[in-house]
Every structure is written in structure tokens, then in C-alpha cells.
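Student: Sending over a structure as C-alpha cells; questions will come in a sec.
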Amino acid sequence: MELENLARRLADVGRPGMSPEIAEKLKLKSEDVVRGQLMAMTDGDRGPLGVYLLAIYVVDDTDVFGDGQIYWWSVPVLVDKQGNARWSAVSGLPAGASPHKTGSLEWMTNVSLQEPPLLAVIPPEDDISACVIRLGVYDDDKKPADMPTALAQAYTALAGCQREGLPGASQIITPVRDAIWRSLKAEDDDVLVDEDITIRRGEALRFNVGLIGAAMTAKARSYYVVVDELRTEIAGPIDVRKRETARLVFPSDLVSGGRLAIFSRGADVDCPVFGELSTDRPFAGKVIDAALAKTLAGGIEVTGSGGSAKVIAYYTPP
């Protein structure tokens with residue numbers, strides 16, 4: 001990831017549901033200004049952390065006949081050490097995607113590994129203790145969900161919230177979620193996921209940077225990754241087919257103390273370092289030691305053991 005790309009996303013006035021009037025209410029700045037704000041966030045060689053949606057796997061689309069029409073949305077909030085919530089356009093806005101035909105036991109193919117959706121940005125400030133993201137994944141049952149209109153309502157509700165000092169994340173999440181719900185008439189739809197993902201600062205790893213996390217229910221599994229926008233390197237995504245062997249290679253040498261994470265979507269993949277990556281275990285992570293750094297000097301080898309898979313890896317130096 002890089003600050004230029006992040007600034008482009010955060011300043012995007014062409015995103016679904018955005019308008020000049022709403023952008024003004026949200027105090028959305030130009031790309032150049034946002035880039036400057038992100039640069040001001042940097043702490044030495046450590047940058048702001050980006051939280052990205054990697055994939056959604058539908059376990060049960062709830063439809064008796066045919067495939068479901070699955071849509072998702074998200075609402076990000078930052079929480080400080082006093083438990084007070086805050087939001088800003090630079091820490092990420094509500095996001096979402098229109099319904100996509102997906103059946104039970106299938107991956108949502110409209111979630112891109114090449115350019116995954118941005119869920120939140122966490123600044124490198126000591127006062128921030130957690131990032132809370134409400135994630136909703138629904139199966140559309142009646143009139144197709146109009147996500148641009150719903151996001152416009154979400155932005156308007158967010159603009160009406162106090163920007164900081166609110167007693168708890170729900171003070172922001174609830175009115176924004178309710179605006180999305182009402183706009184989509186979601187009472188007619190089936191809930192696959194509707195819960196908070198809470199990423200805490202932690203003692204050793206700040207907000208689990210460099211690692212992959214998951215939010216799971218009986219009906220769907222969602223996966224996300226936290227990256228350092230200045231330092232995390234990405235290898236892939238690459239396509240791996242059955243009995244085909246490929247390598248994921250990073251621009252820099254891996255060193256002891258760094259964090260390594262890998263994710264595979266689609267068919268099963270075998271990796272000597274991480275073992276088999278499958279639908280039930282699509283990701284793995286390790287803190288690198290000297291021996292592992294030496295083993296991976298030539299890259300991460302993966303071999304397809306099923307059909308076609310997409311594989312991506314993340315390396316964050318210590």
C-alpha cells in the first residue's frame with residue numbers, strides 16, 4: 001500500500017452515494033490535502049494503518065431456489081483510551097457494494113484482492129485504543145438493494161454525528177447503520193452478518209498490523225487485513241491452478257521480527273511453510289525468525305491442490 005493510493009481513495013468524490021453537497025457536510029478534502037494529512041500522521045517510519053476487506057465466503061445464502069443476491073456495507077469508528085468515539089473522513093467513511101449473485105458455499109467474486117475495499121484508517125496516535133467496524137452482509141430478498149442511495153443516507157447520518165467525544169462507538173454506528181437499514185428496507189432481507197469487528201491496540205502488535213483477521217457467523221465468513229501504509233509489502237495476488245507451483249516474492253528481504261501473512265481464495269493450496277490453505281482455513285500468519293527468513297529467501301512457494309485459487313501475501317518489517 002502507499003499514501004498516494006490511500007489519499008485517492010479517501011478523497012474520492014465519485015464513490016457511490018457521494019455528492020458535492022454531502023462531501024461538504026463531511027468536510028471531505030481534496031486528494032492533495034488528504035495526502036498532506038496522511039503524511040502528518042506518520043510517526044517516524046511508521047505510517048497510518050489501513051484495514052481492508054479481503055474476502056467474504058457465503059456459507060448459507062438462505063435462498064431455497066437459486067443463488068442469493070448478496071450485498072455488504074461497513075461503518076468505521078475510532079475509540080480512544082477513555083472510551084470516547086470519533087470519526088473523520090480521513091479515518092474512513094461508510095462503504096458497501098451492491099448485490100452480487102453468490103450461492104451457498106461460494107466466495108463473493110466481486111471483492112477484489114487486487115484492490116480490496118478500504119474499511120478504515122487508524123492513525124498512529126497513542127490515544128487511539130481500538131478501531132470498531134460494523135460489518136453487514138445481507139441476502140437481498142425483494143427489490144434489489146440500492147446501495148448508492150443507502151450510502152448517501154449513511155453519509156448524511158454520519159455528518160449529523162458529533163465528530164469526537166461521544167461515549168462509545170454505538171453513538172456513531174447505530175444512527176448510521178439505522179440509516180442504511182431504513183434505506184434498504186433491510187427488514188425484508190436475510191442477515192448473514194451484522195456485527196462489530198473490534199481491532200484493539202494490543203501490547204505487542206499495534207492493532208494486529210501485518211496479520212489477517214476474520215469475523216464468522218453460521219451463514220458467512222468475512223476476512224480482513226491490517227497493513228502499515230508506509231511499510232507493509234504485498235506479493236500477489238497470483239493465480240494458482242491444480243498441480244501448478246508458483247512463488248510469492250516480496251521487493252525486500254524478509255528479516256527476523258517481521259510479520260508474514262498469506263491468504264488463499266478458491267481451491268485448496270499447499271504451502272510448505274504454512275501448510276494447506278483451504279476454504280475452512282484460508283489464511284495463516286507467522287512472526288519471522290532467523291531460520292524462517294533464510295528459508296523464505298527465494299519467496300513463498302505454493303502449489304495448487306484443487307482447481308483455480310488466488311493467493312496473496314503480506315510482509316510487514318519489524
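Starting from 1 in every chain, residues are counted up; chains themselves are A, B, ... following the order of the C-alpha cells, and ligands are numbered from 1 as listed.
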Please produce, as a tab-separated table, a per-residue contact table for range 19-73 of chain A versus range 129-148 of chain A (criterion: any atom at most 7 Å away, only C-alpha atoms considered), showing the nearest atom pair and its distance in Å to one decimal, sorted by chain then residue number.
Tutor:
residue	atom	partner	partner_atom	distance
A:Asp61	CA	A:Asp139	CA	6.4
A:Gly68	CA	A:Asp139	CA	5.9
A:Gln69	CA	A:Asp140	CA	5.3
A:Ile70	CA	A:Asp139	CA	4.5
A:Tyr71	CA	A:Tyr138	CA	5.5
A:Trp72	CA	A:Val137	CA	4.3
A:Trp73	CA	A:Gly136	CA	5.2
Student: Those residues with C-alpha atoms, as a PDB file, in the first residue's frame please?
Tutor:
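Saved the output as part35.pdb:
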ATOM      1  CA  ASP A  61     -27.237 -17.749   1.157  1.00  0.00           C
ATOM      2  CA  GLY A  68     -28.566 -15.351  -3.348  1.00  0.00           C
ATOM      3  CA  GLN A  69     -28.054 -11.676  -4.169  1.00  0.00           C
ATOM      4  CA  ILE A  70     -25.536 -10.685  -1.516  1.00  0.00           C
ATOM      5  CA  TYR A  71     -24.631  -7.127  -0.557  1.00  0.00           C
ATOM      6  CA  TRP A  72     -22.395  -5.735   2.176  1.00  0.00           C
ATOM      7  CA  TRP A  73     -21.792  -2.452   3.976  1.00  0.00           C
TER       8      TRP A  73
END
Student: Would you write out, as CSV, a table of all residues in range 36-95 of chain A that have an atom no more than 12 Å from an atom of range 279-284 of chain A, listing for each the closest atom pair and the distance in Å to one decimal, considering only C-alpha atoms and ordering rows by chain and rising residue number?
Tutor:
residue,atom,partner,partner_atom,distance
A:Leu54,CA,A:Phe283,CA,10.6
A:Ala55,CA,A:Pro282,CA,10.0
A:Ile56,CA,A:Thr279,CA,11.0
A:Tyr57,CA,A:Thr279,CA,8.4
A:Val58,CA,A:Thr279,CA,10.7
A:Val59,CA,A:Thr279,CA,10.3
Student: Keeping only N, CA and C atoms, take the residues you just selected and write them out as a PDB file, in the first residue's frame.
Tutor:
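Okay, this is what ended up in out_25.pdb:
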ATOM      1  N   LEU A  54     -10.737  -8.360   2.671  1.00  0.00           N
ATOM      2  CA  LEU A  54     -10.099  -9.277   1.728  1.00  0.00           C
ATOM      3  C   LEU A  54     -11.110 -10.150   0.992  1.00  0.00           C
ATOM      4  N   ALA A  55     -12.077 -10.671   1.708  1.00  0.00           N
ATOM      5  CA  ALA A  55     -12.984 -11.628   1.072  1.00  0.00           C
ATOM      6  C   ALA A  55     -14.200 -11.887   1.945  1.00  0.00           C
ATOM      7  N   ILE A  56     -15.258 -12.375   1.309  1.00  0.00           N
ATOM      8  CA  ILE A  56     -16.453 -12.843   2.005  1.00  0.00           C
ATOM      9  C   ILE A  56     -16.806 -14.213   1.429  1.00  0.00           C
ATOM     10  N   TYR A  57     -16.975 -15.179   2.305  1.00  0.00           N
ATOM     11  CA  TYR A  57     -17.376 -16.524   1.906  1.00  0.00           C
ATOM     12  C   TYR A  57     -18.783 -16.765   2.423  1.00  0.00           C
ATOM     13  N   VAL A  58     -19.690 -17.094   1.522  1.00  0.00           N
ATOM     14  CA  VAL A  58     -21.083 -17.326   1.887  1.00  0.00           C
ATOM     15  C   VAL A  58     -21.271 -18.806   2.224  1.00  0.00           C
ATOM     16  N   VAL A  59     -21.579 -19.088   3.455  1.00  0.00           N
ATOM     17  CA  VAL A  59     -21.836 -20.461   3.879  1.00  0.00           C
ATOM     18  C   VAL A  59     -23.257 -20.870   3.499  1.00  0.00           C
TER      19      VAL A  59
END
Student: Compare A:Leu53, A:Glu2, A:Leu260, A:Ala309 by their minimum atom-to-atom distance to Ala246 in chain A, counting only C-alpha atoms, and give me the closest one.
Tutor: A:Ala309
Student: Could you tell me, as a count of residues only, which residues of range 39-231 of chain A DSSP assigns to helix (DSSP H, G or I) when given the backbone?
Tutor: 40
Student: Would you kindly return, as a ChimeraX atom specification, each protein, DNA or RNA residue with an atom no farther than 12 Å from any atom of Leu38 in chain A, considering only C-alpha atoms and excluding same-chain residues fewer than 4 positions away?
Tutor: /A:2-8,10-11,29,31-34,42-43,46-50,89-91,121-124,229-230
Student: Could you pull the residues within 6 Å of Ala159 in chain A, counting only C-alpha atoms, minus those fewer than 3 positions along the same chain, as an MDAnalysis selection string?
Tutor: chainID A and resid 25:26 156
Student: Between A:Leu119, A:Ala186, A:Met18, A:Val269, which residue has the minimum interatomic distance to Tyr224 in chain A, considering only C-alpha atoms?
Tutor: A:Leu119
Student: For Val287 in chain A, please output as a list in words all residues within 8 Å (counting only C-alpha atoms; exclusion window: fewer than 2 positions along the same chain).
Tutor: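 Here the qualifying residues turn out to be Ser256, Gly257, Gly258, Arg259, Leu260, Gly285 and Asp289 of chain A.
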Student: With distances taken over only C-alpha atoms, which of A:Ser104, A:Lys185, A:Val111, A:Cys161 is nearest to Ala218 in chain A?
Tutor: A:Ser104
Student: Could you pull the residues within 8 Å of Gly304 in chain A, counting only C-alpha atoms, minus those fewer than 5 positions along the same chain, as an mmCIF file with N, CA and C atoms, in the first residue's frame?
Tutor:
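The result, written out as result.cif:
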data_model
loop_
_atom_site.group_PDB
_atom_site.id
_atom_site.type_symbol
_atom_site.label_atom_id
_atom_site.label_comp_id
_atom_site.auth_asym_id
_atom_site.auth_seq_id
_atom_site.Cartn_x
_atom_site.Cartn_y
_atom_site.Cartn_z
ATOM 1 N N VAL A 240 -3.164 -19.654 -9.028
ATOM 2 C CA VAL A 240 -2.503 -20.953 -8.911
ATOM 3 C C VAL A 240 -3.520 -22.039 -9.272
ATOM 4 N N ARG A 241 -3.167 -22.861 -10.235
ATOM 5 C CA ARG A 241 -4.064 -23.935 -10.655
ATOM 6 C C ARG A 241 -3.589 -25.284 -10.116
ATOM 7 N N LYS A 242 -4.419 -26.298 -10.288
ATOM 8 C CA LYS A 242 -4.119 -27.629 -9.760
ATOM 9 C C LYS A 242 -2.794 -28.151 -10.303
ATOM 10 N N ARG A 243 -1.959 -28.618 -9.365
ATOM 11 C CA ARG A 243 -0.633 -29.177 -9.639
ATOM 12 C C ARG A 243 0.339 -28.140 -10.196
ATOM 13 N N GLU A 244 -0.022 -26.875 -10.149
ATOM 14 C CA GLU A 244 0.871 -25.804 -10.584
ATOM 15 C C GLU A 244 1.570 -25.209 -9.366
ATOM 16 N N THR A 245 2.870 -24.956 -9.485
ATOM 17 C CA THR A 245 3.645 -24.369 -8.393
ATOM 18 C C THR A 245 4.065 -22.950 -8.775
ATOM 19 N N ALA A 267 -9.768 -22.608 -4.666
ATOM 20 C CA ALA A 267 -9.424 -24.006 -4.406
ATOM 21 C C ALA A 267 -8.317 -24.107 -3.356
ATOM 22 N N ASP A 268 -8.079 -25.353 -2.899
ATOM 23 C CA ASP A 268 -7.042 -25.589 -1.891
ATOM 24 C C ASP A 268 -5.659 -25.346 -2.471
ATOM 25 N N VAL A 269 -4.772 -24.867 -1.601
ATOM 26 C CA VAL A 269 -3.390 -24.598 -1.974
ATOM 27 C C VAL A 269 -2.487 -25.149 -0.881
ATOM 28 N N ASP A 270 -1.386 -25.782 -1.285
ATOM 29 C CA ASP A 270 -0.431 -26.304 -0.314
ATOM 30 C C ASP A 270 0.784 -25.397 -0.254
ATOM 31 N N ALA A 309 -7.051 -21.066 -7.732
ATOM 32 C CA ALA A 309 -7.043 -20.276 -6.499
ATOM 33 C C ALA A 309 -6.317 -18.962 -6.737
#
Student: Could you check how far CA of Asp178 in chain A sits from CA of Ala120 in chain A, in Å to one decimal?
Tutor: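 Computing the Euclidean distance for CA of Asp178 in chain A and CA of Ala120 in chain A yields 19.4 Å.
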